[in-house]
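Data from data.cif: mmCIF, C-alpha atoms and all ligand atoms
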data_run
loop_
_atom_site.group_PDB
_atom_site.id
_atom_site.type_symbol
_atom_site.label_atom_id
_atom_site.label_comp_id
_atom_site.auth_asym_id
_atom_site.auth_seq_id
_atom_site.Cartn_x
_atom_site.Cartn_y
_atom_site.Cartn_z
ATOM 1 C CA MET A 1 -85.305 -13.386 88.485
ATOM 2 C CA LYS A 2 -88.599 -12.757 86.687
ATOM 3 C CA ARG A 3 -91.797 -13.107 88.719
ATOM 4 C CA ILE A 4 -94.436 -15.653 87.626
ATOM 5 C CA ARG A 5 -97.332 -13.453 86.481
ATOM 6 C CA LYS A 6 -99.077 -15.523 83.819
ATOM 7 C CA ALA A 7 -100.732 -18.929 83.881
ATOM 8 C CA VAL A 8 -101.727 -21.137 80.952
ATOM 9 C CA PHE A 9 -104.735 -23.475 81.185
ATOM 10 C CA PRO A 10 -104.939 -25.895 78.243
ATOM 11 C CA VAL A 11 -108.630 -26.806 77.933
ATOM 12 C CA ALA A 12 -108.743 -27.963 74.316
ATOM 13 C CA GLY A 13 -108.575 -31.741 74.900
ATOM 14 C CA LEU A 14 -111.415 -34.008 73.819
ATOM 15 C CA GLY A 15 -111.934 -35.704 77.187
ATOM 16 C CA THR A 16 -112.467 -39.115 75.582
ATOM 17 C CA ARG A 17 -111.886 -40.950 78.880
ATOM 18 C CA PHE A 18 -115.017 -39.328 80.290
ATOM 19 C CA LEU A 19 -117.505 -39.828 77.456
ATOM 20 C CA PRO A 20 -120.450 -39.492 77.234
ATOM 21 C CA ALA A 21 -120.341 -36.834 80.019
ATOM 22 C CA THR A 22 -117.932 -34.763 77.915
ATOM 23 C CA LYS A 23 -119.788 -35.019 74.596
ATOM 24 C CA ALA A 24 -121.369 -31.555 74.928
ATOM 25 C CA ILE A 25 -119.889 -30.308 78.229
ATOM 26 C CA PRO A 26 -116.146 -29.717 78.600
ATOM 27 C CA LYS A 27 -114.694 -31.859 81.404
ATOM 28 C CA GLU A 28 -113.373 -28.670 82.995
ATOM 29 C CA MET A 29 -116.989 -27.577 83.551
ATOM 30 C CA LEU A 30 -118.084 -30.733 85.388
ATOM 31 C CA THR A 31 -118.999 -29.901 88.973
ATOM 32 C CA VAL A 32 -117.019 -30.995 92.008
ATOM 33 C CA VAL A 33 -119.361 -30.402 94.974
ATOM 34 C CA ASP A 34 -120.491 -26.852 94.132
ATOM 35 C CA ARG A 35 -118.073 -25.433 91.532
ATOM 36 C CA PRO A 36 -116.817 -26.405 88.090
ATOM 37 C CA VAL A 37 -113.430 -28.118 88.124
ATOM 38 C CA ILE A 38 -111.828 -25.169 86.286
ATOM 39 C CA GLN A 39 -112.749 -22.794 89.129
ATOM 40 C CA TYR A 40 -110.607 -24.796 91.611
ATOM 41 C CA VAL A 41 -107.637 -24.524 89.257
ATOM 42 C CA VAL A 42 -108.053 -20.798 88.618
ATOM 43 C CA ASP A 43 -108.413 -20.151 92.379
ATOM 44 C CA GLU A 44 -105.162 -22.088 92.941
ATOM 45 C CA ALA A 45 -103.367 -19.921 90.354
ATOM 46 C CA ARG A 46 -104.669 -16.669 91.808
ATOM 47 C CA GLU A 47 -103.647 -17.739 95.331
ATOM 48 C CA ALA A 48 -100.101 -18.137 93.928
ATOM 49 C CA GLY A 49 -100.081 -14.504 92.743
ATOM 50 C CA ILE A 50 -100.964 -15.101 89.076
ATOM 51 C CA GLU A 51 -102.244 -11.909 87.452
ATOM 52 C CA HIS A 52 -103.068 -13.048 83.935
ATOM 53 C CA LEU A 53 -105.031 -16.157 82.942
ATOM 54 C CA ILE A 54 -104.512 -17.629 79.461
ATOM 55 C CA PHE A 55 -106.938 -20.295 78.271
ATOM 56 C CA VAL A 56 -106.101 -22.456 75.282
ATOM 57 C CA THR A 57 -109.577 -23.478 74.204
ATOM 58 C CA GLY A 58 -111.127 -25.447 71.377
ATOM 59 C CA ARG A 59 -114.493 -25.872 69.716
ATOM 60 C CA SER A 60 -117.479 -26.312 72.084
ATOM 61 C CA LYS A 61 -115.565 -24.741 74.989
ATOM 62 C CA THR A 62 -117.279 -21.322 74.926
ATOM 63 C CA VAL A 63 -119.110 -22.181 78.143
ATOM 64 C CA ILE A 64 -115.739 -21.758 79.913
ATOM 65 C CA GLU A 65 -115.563 -18.158 78.646
ATOM 66 C CA ASP A 66 -119.139 -17.600 79.826
ATOM 67 C CA HIS A 67 -118.254 -18.933 83.271
ATOM 68 C CA PHE A 68 -115.574 -16.266 83.718
ATOM 69 C CA ASP A 69 -117.727 -13.471 82.277
ATOM 70 C CA ILE A 70 -120.230 -11.181 84.022
ATOM 71 C CA GLN A 71 -123.792 -12.584 84.000
ATOM 72 C CA PHE A 72 -125.623 -9.271 84.128
ATOM 73 C CA GLU A 73 -129.196 -10.600 84.420
ATOM 74 C CA LEU A 74 -128.263 -13.119 87.094
ATOM 75 C CA TYR A 75 -126.383 -10.485 89.130
ATOM 76 C CA GLU A 76 -129.394 -8.124 88.887
ATOM 77 C CA THR A 77 -131.836 -10.819 89.951
ATOM 78 C CA LEU A 78 -129.690 -11.859 92.912
ATOM 79 C CA ALA A 79 -129.394 -8.189 93.982
ATOM 80 C CA GLN A 80 -133.167 -7.627 93.688
ATOM 81 C CA ARG A 81 -133.870 -10.745 95.749
ATOM 82 C CA GLY A 82 -131.409 -9.726 98.467
ATOM 83 C CA LYS A 83 -129.197 -12.774 97.838
ATOM 84 C CA THR A 84 -126.109 -10.747 98.715
ATOM 85 C CA GLU A 85 -124.001 -13.672 99.901
ATOM 86 C CA GLN A 86 -124.344 -15.570 96.603
ATOM 87 C CA LEU A 87 -123.782 -12.366 94.618
ATOM 88 C CA GLU A 88 -120.605 -11.483 96.531
ATOM 89 C CA ARG A 89 -119.302 -15.022 96.062
ATOM 90 C CA LEU A 90 -119.783 -14.790 92.292
ATOM 91 C CA LYS A 91 -118.131 -11.366 92.160
ATOM 92 C CA ALA A 92 -115.121 -12.581 94.164
ATOM 93 C CA MET A 93 -114.589 -15.362 91.594
ATOM 94 C CA GLN A 94 -114.778 -12.912 88.679
ATOM 95 C CA PRO A 95 -111.437 -12.035 87.035
ATOM 96 C CA GLU A 96 -110.732 -8.312 86.594
ATOM 97 C CA PRO A 97 -111.332 -6.784 83.131
ATOM 98 C CA GLY A 98 -108.403 -7.601 80.855
ATOM 99 C CA GLN A 99 -107.092 -10.286 83.200
ATOM 100 C CA VAL A 100 -108.133 -13.209 80.954
ATOM 101 C CA SER A 101 -107.077 -14.084 77.403
ATOM 102 C CA TYR A 102 -108.312 -16.871 75.167
ATOM 103 C CA THR A 103 -106.642 -18.483 72.203
ATOM 104 C CA ARG A 104 -107.755 -21.509 70.217
ATOM 105 C CA GLN A 105 -105.978 -24.718 69.482
ATOM 106 C CA GLN A 106 -107.780 -25.497 66.232
ATOM 107 C CA VAL A 107 -106.819 -29.187 66.209
ATOM 108 C CA PRO A 108 -106.033 -31.134 69.409
ATOM 109 C CA LEU A 109 -102.515 -32.219 68.458
ATOM 110 C CA GLY A 110 -101.401 -32.854 72.025
ATOM 111 C CA LEU A 111 -100.576 -31.008 75.250
ATOM 112 C CA GLY A 112 -97.230 -29.731 73.910
ATOM 113 C CA HIS A 113 -99.034 -28.202 70.936
ATOM 114 C CA ALA A 114 -101.678 -26.614 73.186
ATOM 115 C CA VAL A 115 -98.942 -24.977 75.287
ATOM 116 C CA TRP A 116 -97.186 -23.748 72.124
ATOM 117 C CA CYS A 117 -100.462 -22.089 71.018
ATOM 118 C CA ALA A 118 -100.091 -19.752 74.036
ATOM 119 C CA ARG A 119 -96.611 -18.514 73.046
ATOM 120 C CA GLU A 120 -97.627 -15.033 71.852
ATOM 121 C CA LEU A 121 -99.805 -14.410 74.892
ATOM 122 C CA VAL A 122 -97.086 -15.546 77.304
ATOM 123 C CA GLY A 123 -94.238 -13.683 75.566
ATOM 124 C CA GLY A 124 -90.646 -14.002 76.757
ATOM 125 C CA GLU A 125 -91.239 -14.658 80.438
ATOM 126 C CA PRO A 126 -91.473 -17.746 82.678
ATOM 127 C CA PHE A 127 -95.045 -18.900 83.212
ATOM 128 C CA ALA A 128 -97.194 -21.303 85.190
ATOM 129 C CA LEU A 129 -98.968 -24.170 83.465
ATOM 130 C CA LEU A 130 -101.886 -25.859 85.194
ATOM 131 C CA LEU A 131 -103.626 -28.906 83.735
ATOM 132 C CA PRO A 132 -107.226 -28.110 84.483
ATOM 133 C CA ASP A 133 -108.478 -31.646 84.990
ATOM 134 C CA MET A 134 -106.159 -32.164 87.980
ATOM 135 C CA ILE A 135 -107.359 -30.564 91.213
ATOM 136 C CA MET A 136 -105.548 -30.533 94.517
ATOM 137 C CA GLN A 137 -106.282 -30.484 98.208
ATOM 138 C CA ALA A 138 -103.424 -28.596 99.803
ATOM 139 C CA GLU A 139 -102.691 -25.724 102.155
ATOM 140 C CA PRO A 140 -101.118 -23.620 100.694
ATOM 141 C CA GLY A 141 -102.105 -24.627 97.162
ATOM 142 C CA CYS A 142 -99.784 -26.581 94.891
ATOM 143 C CA MET A 143 -98.854 -23.634 92.634
ATOM 144 C CA LYS A 144 -98.128 -21.433 95.679
ATOM 145 C CA GLN A 145 -95.758 -24.135 97.001
ATOM 146 C CA MET A 146 -94.072 -24.187 93.578
ATOM 147 C CA VAL A 147 -93.739 -20.408 93.319
ATOM 148 C CA ASP A 148 -92.127 -20.421 96.796
ATOM 149 C CA LEU A 149 -89.500 -22.896 95.501
ATOM 150 C CA TYR A 150 -89.081 -20.969 92.218
ATOM 151 C CA ASP A 151 -88.434 -17.733 94.177
ATOM 152 C CA LYS A 152 -85.444 -19.455 95.840
ATOM 153 C CA ALA A 153 -84.196 -21.769 93.077
ATOM 154 C CA GLY A 154 -85.348 -20.204 89.765
ATOM 155 C CA GLY A 155 -85.287 -22.279 86.568
ATOM 156 C CA ASN A 156 -88.111 -24.670 85.760
ATOM 157 C CA VAL A 157 -90.199 -26.334 88.480
ATOM 158 C CA VAL A 158 -92.541 -29.318 88.268
ATOM 159 C CA ALA A 159 -94.697 -30.680 91.068
ATOM 160 C CA VAL A 160 -94.549 -34.404 91.760
ATOM 161 C CA GLU A 161 -96.477 -36.776 93.963
ATOM 162 C CA GLU A 162 -96.052 -40.414 94.992
ATOM 163 C CA CYS A 163 -97.970 -43.085 93.110
ATOM 164 C CA ASP A 164 -98.323 -46.780 93.812
ATOM 165 C CA PRO A 165 -95.047 -48.271 92.439
ATOM 166 C CA ASP A 166 -97.135 -50.791 90.468
ATOM 167 C CA GLU A 167 -98.985 -47.988 88.661
ATOM 168 C CA THR A 168 -96.137 -45.999 87.108
ATOM 169 C CA HIS A 169 -97.422 -47.003 83.639
ATOM 170 C CA LYS A 170 -100.295 -44.520 84.115
ATOM 171 C CA TYR A 171 -98.094 -41.446 84.616
ATOM 172 C CA GLY A 172 -95.111 -39.310 83.623
ATOM 173 C CA VAL A 173 -92.430 -40.321 86.153
ATOM 174 C CA VAL A 174 -89.296 -38.348 87.123
ATOM 175 C CA GLY A 175 -85.703 -39.238 88.042
ATOM 176 C CA ILE A 176 -84.509 -37.741 91.349
ATOM 177 C CA GLY A 177 -81.179 -35.893 91.774
ATOM 178 C CA GLU A 178 -79.552 -33.708 94.455
ATOM 179 C CA PRO A 179 -81.670 -31.700 96.932
ATOM 180 C CA VAL A 180 -82.177 -28.035 95.919
ATOM 181 C CA HIS A 181 -83.641 -25.914 98.754
ATOM 182 C CA ASP A 182 -86.811 -27.818 99.707
ATOM 183 C CA GLY A 183 -87.011 -29.439 96.264
ATOM 184 C CA PHE A 184 -84.626 -31.567 94.195
ATOM 185 C CA ALA A 185 -82.940 -31.624 90.801
ATOM 186 C CA ILE A 186 -84.817 -33.530 88.090
ATOM 187 C CA THR A 187 -82.508 -35.905 86.241
ATOM 188 C CA GLY A 188 -84.986 -37.261 83.706
ATOM 189 C CA MET A 189 -88.626 -37.954 82.835
ATOM 190 C CA VAL A 190 -90.251 -41.055 81.404
ATOM 191 C CA GLU A 191 -93.785 -41.154 80.043
ATOM 192 C CA LYS A 192 -95.800 -44.123 81.368
ATOM 193 C CA PRO A 193 -92.885 -46.500 82.230
ATOM 194 C CA LYS A 194 -93.399 -50.118 83.262
ATOM 195 C CA PRO A 195 -92.728 -50.432 87.030
ATOM 196 C CA ALA A 196 -89.398 -52.199 86.332
ATOM 197 C CA ASP A 197 -88.204 -49.303 84.114
ATOM 198 C CA ALA A 198 -89.472 -46.437 86.287
ATOM 199 C CA PRO A 199 -86.743 -44.177 87.757
ATOM 200 C CA SER A 200 -88.935 -43.516 90.854
ATOM 201 C CA ASN A 201 -92.566 -43.570 91.888
ATOM 202 C CA LEU A 202 -92.862 -39.767 91.752
ATOM 203 C CA TYR A 203 -95.251 -38.692 88.999
ATOM 204 C CA LEU A 204 -95.939 -35.332 87.373
ATOM 205 C CA ASN A 205 -99.258 -34.165 88.800
ATOM 206 C CA GLY A 206 -100.094 -31.473 86.224
ATOM 207 C CA ARG A 207 -98.430 -28.336 87.597
ATOM 208 C CA TYR A 208 -95.400 -26.707 85.954
ATOM 209 C CA ILE A 209 -93.391 -23.485 86.022
ATOM 210 C CA LEU A 210 -91.589 -23.254 82.682
ATOM 211 C CA GLN A 211 -89.077 -20.922 81.097
ATOM 212 C CA PRO A 212 -90.100 -19.432 77.720
ATOM 213 C CA GLU A 213 -87.377 -21.439 75.886
ATOM 214 C CA ILE A 214 -89.851 -24.341 75.990
ATOM 215 C CA PHE A 215 -91.677 -22.587 73.114
ATOM 216 C CA ASP A 216 -88.557 -22.737 70.893
ATOM 217 C CA ILE A 217 -88.367 -26.495 71.462
ATOM 218 C CA LEU A 218 -92.102 -26.996 70.883
ATOM 219 C CA ALA A 219 -91.866 -24.977 67.650
ATOM 220 C CA SER A 220 -90.247 -27.974 65.925
ATOM 221 C CA GLN A 221 -93.685 -29.680 66.217
ATOM 222 C CA GLU A 222 -92.001 -33.038 66.689
ATOM 223 C CA ARG A 223 -94.530 -35.835 67.231
ATOM 224 C CA GLY A 224 -94.085 -38.282 70.104
ATOM 225 C CA ALA A 225 -96.184 -41.005 71.752
ATOM 226 C CA GLY A 226 -99.667 -41.361 70.252
ATOM 227 C CA ASN A 227 -98.487 -39.209 67.320
ATOM 228 C CA GLU A 228 -99.105 -36.165 69.580
ATOM 229 C CA ILE A 229 -96.799 -33.216 70.298
ATOM 230 C CA GLN A 230 -95.790 -34.136 73.835
ATOM 231 C CA LEU A 231 -94.859 -31.622 76.522
ATOM 232 C CA THR A 232 -92.729 -34.247 78.300
ATOM 233 C CA ASP A 233 -90.496 -34.648 75.231
ATOM 234 C CA ALA A 234 -89.907 -30.875 75.116
ATOM 235 C CA MET A 235 -89.172 -30.701 78.860
ATOM 236 C CA LEU A 236 -86.674 -33.555 78.506
ATOM 237 C CA LYS A 237 -84.742 -31.405 76.036
ATOM 238 C CA LEU A 238 -84.638 -28.521 78.532
ATOM 239 C CA ILE A 239 -83.211 -30.704 81.333
ATOM 240 C CA GLY A 240 -79.446 -30.278 81.280
ATOM 241 C CA ARG A 241 -79.684 -26.964 79.399
ATOM 242 C CA GLN A 242 -81.505 -25.186 82.230
ATOM 243 C CA PRO A 243 -82.019 -25.872 85.946
ATOM 244 C CA PHE A 244 -85.015 -28.197 86.354
ATOM 245 C CA HIS A 245 -86.440 -28.746 89.834
ATOM 246 C CA GLY A 246 -88.984 -31.052 91.373
ATOM 247 C CA LEU A 247 -91.237 -30.050 94.235
ATOM 248 C CA HIS A 248 -92.474 -32.956 96.333
ATOM 249 C CA PHE A 249 -95.925 -31.462 96.647
ATOM 250 C CA ARG A 250 -97.504 -31.517 100.117
ATOM 251 C CA GLY A 251 -101.136 -32.424 99.431
ATOM 252 C CA ARG A 252 -103.331 -34.702 97.375
ATOM 253 C CA THR A 253 -104.180 -34.648 93.660
ATOM 254 C CA HIS A 254 -107.418 -35.866 92.065
ATOM 255 C CA ASP A 255 -107.574 -36.592 88.334
ATOM 256 C CA CYS A 256 -111.010 -35.356 87.301
ATOM 257 C CA GLY A 257 -110.428 -36.517 83.718
ATOM 258 C CA THR A 258 -111.712 -40.001 84.553
ATOM 259 C CA PRO A 259 -114.950 -41.106 86.255
ATOM 260 C CA GLU A 260 -112.946 -42.796 89.071
ATOM 261 C CA GLY A 261 -110.893 -39.707 89.898
ATOM 262 C CA PHE A 262 -113.891 -37.423 89.529
ATOM 263 C CA VAL A 263 -116.003 -39.421 92.007
ATOM 264 C CA GLU A 264 -113.040 -39.549 94.404
ATOM 265 C CA ALA A 265 -112.628 -35.742 94.123
ATOM 266 C CA ASN A 266 -116.288 -35.179 94.922
ATOM 267 C CA LEU A 267 -116.091 -37.418 97.987
ATOM 268 C CA ALA A 268 -112.827 -35.844 99.207
ATOM 269 C CA PHE A 269 -114.002 -32.238 98.794
ATOM 270 C CA ALA A 270 -117.442 -33.001 100.273
ATOM 271 C CA ALA A 271 -115.752 -34.635 103.285
ATOM 272 C CA ASP A 272 -113.821 -31.361 103.778
ATOM 273 C CA ASN A 273 -117.025 -29.312 103.728
ATOM 274 C CA PRO A 274 -118.576 -28.959 107.212
ATOM 275 C CA ALA A 275 -122.082 -28.524 105.742
ATOM 276 C CA LEU A 276 -121.881 -31.822 103.828
ATOM 277 C CA ARG A 277 -119.579 -34.021 105.879
ATOM 278 C CA ALA A 278 -122.020 -35.636 108.365
ATOM 279 C CA ASN A 279 -124.512 -36.639 105.673
ATOM 280 C CA LEU A 280 -121.753 -37.949 103.398
ATOM 281 C CA MET A 281 -120.271 -40.116 106.176
ATOM 282 C CA ARG A 282 -123.731 -41.553 106.992
ATOM 283 C CA THR A 283 -124.189 -42.461 103.322
ATOM 284 C CA ILE A 284 -120.720 -44.025 103.069
ATOM 285 C CA ARG A 285 -121.290 -46.068 106.242
ATOM 286 C CA ALA A 286 -124.661 -47.308 104.919
ATOM 287 C CA LEU A 287 -123.061 -48.276 101.584
ATOM 288 C CA ALA A 288 -120.184 -50.065 103.360
ATOM 289 C CA ASP A 289 -122.667 -51.965 105.585
ATOM 290 C CA ALA A 290 -124.729 -52.974 102.549
ATOM 291 C CA ASP A 291 -121.538 -54.106 100.804
ATOM 292 C CA ARG A 292 -120.568 -56.345 103.785
ATOM 293 C CA ASN A 293 -124.001 -58.028 103.901
HETATM 294 P P1 LIG B 1 -105.381 -35.234 78.633
HETATM 295 O O1 LIG B 1 -104.849 -36.260 77.741
HETATM 296 O O2 LIG B 1 -105.546 -35.565 80.076
HETATM 297 O O3 LIG B 1 -106.789 -34.694 78.148
HETATM 298 O O4 LIG B 1 -104.552 -33.898 78.470
HETATM 299 P P2 LIG B 1 -107.737 -35.091 76.983
HETATM 300 O O5 LIG B 1 -106.998 -35.330 75.732
HETATM 301 O O6 LIG B 1 -108.824 -34.080 76.990
HETATM 302 O O7 LIG B 1 -108.381 -36.399 77.611
HETATM 303 P P3 LIG B 1 -108.596 -37.878 77.091
HETATM 304 O O8 LIG B 1 -107.255 -38.540 77.224
HETATM 305 O O9 LIG B 1 -109.128 -37.799 75.697
HETATM 306 O O10 LIG B 1 -109.639 -38.394 78.055
HETATM 307 C C1 LIG B 1 -104.129 -33.099 79.563
HETATM 308 C C2 LIG B 1 -104.629 -31.685 79.415
HETATM 309 O O11 LIG B 1 -104.188 -31.129 78.181
HETATM 310 C C3 LIG B 1 -105.255 -30.591 77.446
HETATM 311 C C4 LIG B 1 -106.510 -31.272 77.983
HETATM 312 O O12 LIG B 1 -107.626 -30.410 77.843
HETATM 313 C C5 LIG B 1 -106.140 -31.566 79.421
HETATM 314 O O13 LIG B 1 -106.486 -30.503 80.265
HETATM 315 N N1 LIG B 1 -105.041 -30.847 76.020
HETATM 316 C C6 LIG B 1 -104.662 -32.085 75.603
HETATM 317 C C7 LIG B 1 -105.215 -29.832 75.111
HETATM 318 O O14 LIG B 1 -105.576 -28.677 75.484
HETATM 319 N N2 LIG B 1 -104.992 -30.085 73.794
HETATM 320 C C8 LIG B 1 -104.608 -31.301 73.348
HETATM 321 O O15 LIG B 1 -104.414 -31.465 72.128
HETATM 322 C C9 LIG B 1 -104.442 -32.333 74.295
#

File written out as structure tokens:
Amino acid sequence: MKRIRKAVFPVAGLGTRFLPATKAIPKEMLTVVDRPVIQYVVDEAREAGIEHLIFVTGRSKTVIEDHFDIQFELYETLAQRGKTEQLERLKAMQPEPGQVSYTRQQVPLGLGHAVWCARELVGGEPFALLLPDMIMQAEPGCMKQMVDLYDKAGGNVVAVEECDPDETHKYGVVGIGEPVHDGFAITGMVEKPKPADAPSNLYLNGRYILQPEIFDILASQERGAGNEIQLTDAMLKLIGRQPFHGLHFRGRTHDCGTPEGFVEANLAFAADNPALRANLMRTIRALADADRN
């Protein structure tokens, strides 16, 4: 079985749900507590053993490339001022030379199209796909949990999480089959079903391990919902042809692509940070008291 060495990060979306914040700044560069959202996702991939990072970018996303590059003047200034801790932290986050590749999706034709744009960089091997606006609180990280299942079960793996059964219309929802190791077989996927039509309340939380045959299916450029090339449609065609597993992810996902999810992520990660927690709780208590009065 081939090891998962490469990860794809599609960052070419327009982020319309988070305008005007995303007019000039990519949503992946918005800050959760003290780091851009994209840094959480890259750290999660590296924890899972990923060696090569592939970004599918678009216009006005060059700041993402700058974030993962060396900032020579800044490093020099930090060194001269003896700010060793900050300098070491930046260096630890820095990918090795040659460890990152960028390709452009010239027109945002949908997630499936963005993934297809990475086909030459991925080549003929299974790969991880991480949607960079979804960040997780989990120990170990979500992708590490998935790689652990992939190492036992092979095939394709998607992570799923429970949603409120009344809110299935917001998500891609999966059908649940037989247990496979500590995961289960996926029997189907439905994009944004009404609660009455949903096969379960387990939704796709933005983490995938996919076999390279997905590129052959995406190559047909078939349009789906919203006239976009949908990844879910391509995955549906793989189910039945190849093993497709679900991992009931142990942790919590925050959707940073909307103001609600982004605020929630900031609160959740700040509450986990010992330096920020006490002050945050005082503020929340004061807000709750003011709300009651
Ligand atoms: P989303 O639909 O959540 O992102 O796509 P979006 O299109 O940026 O956001 P809204 O709906 O307009 O607010 C999921 C992921 O797929 C990427 C996005 O960047 C996001 O990380 N994506 C989506 C692309 O790279 N290209 C596309 O054409 C569409």

(message) Show me which residues are within 9 Å of ligand LIG 1 (chain B) counting all atoms listed in the file, and format the list as an NGL selection string.
(response) :A and (9-19 or 26-28 or 55-58 or 105 or 107-115 or 130-134 or 206 or 228-230 or 255 or 257-258)

(message) Neighbouring residues of segment 176-187 of chain A were defined as those with any atom within 8 Å, considering all atoms listed in the file; residues of the same chain fewer than 6 positions away were excluded. Please report them as a list of chain:residue names.
(response)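 In the requested form, the answer reads A:Leu149, A:Lys152, A:Ala153, A:Pro199, A:Ser200, A:Ile239, A:Pro243, A:Phe244, A:His245, A:Gly246, A:Leu247, A:His248.
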
(message) Here's the selection I'm unsure about, the PyMOL selection byres (((chain A and resi 94) around 9) and not hetatm); applied to the file above, which residues does it give, as a PyMOL selection string?
(response) chain A and resi 67-70+89-93+95-97

(request) Given the file shown, determine the residues that the PyMOL selection byres (((chain A and resi 75) around 12) and not hetatm) selects; report them as number ranges by chain. (result) A: 69-74, 76-91, 94

(request) Excluding Leu129 of chain A and any residue of its chain fewer than 3 positions from it, enumerate the residues within 8 Å of it, using all atoms listed in the file, and give them as a list in words. (result) Ala7, Val8, Phe9, Gly206, Arg207, Tyr208, Ile209 and Leu210 of chain A

(message) Need to verify the contact set: segment 166-169 of chain A, 12 Å, only C-alpha atoms, exclusion of same-chain residues closer than 3 positions in sequence. Can you return it as number ranges by chain?
(response) A: 161-163, 172-174, 189-204

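Rounded to one decimal, atom CA of Leu236 of chain A and atom CA of Ile217 of chain A lie 10.1 Å from each other.
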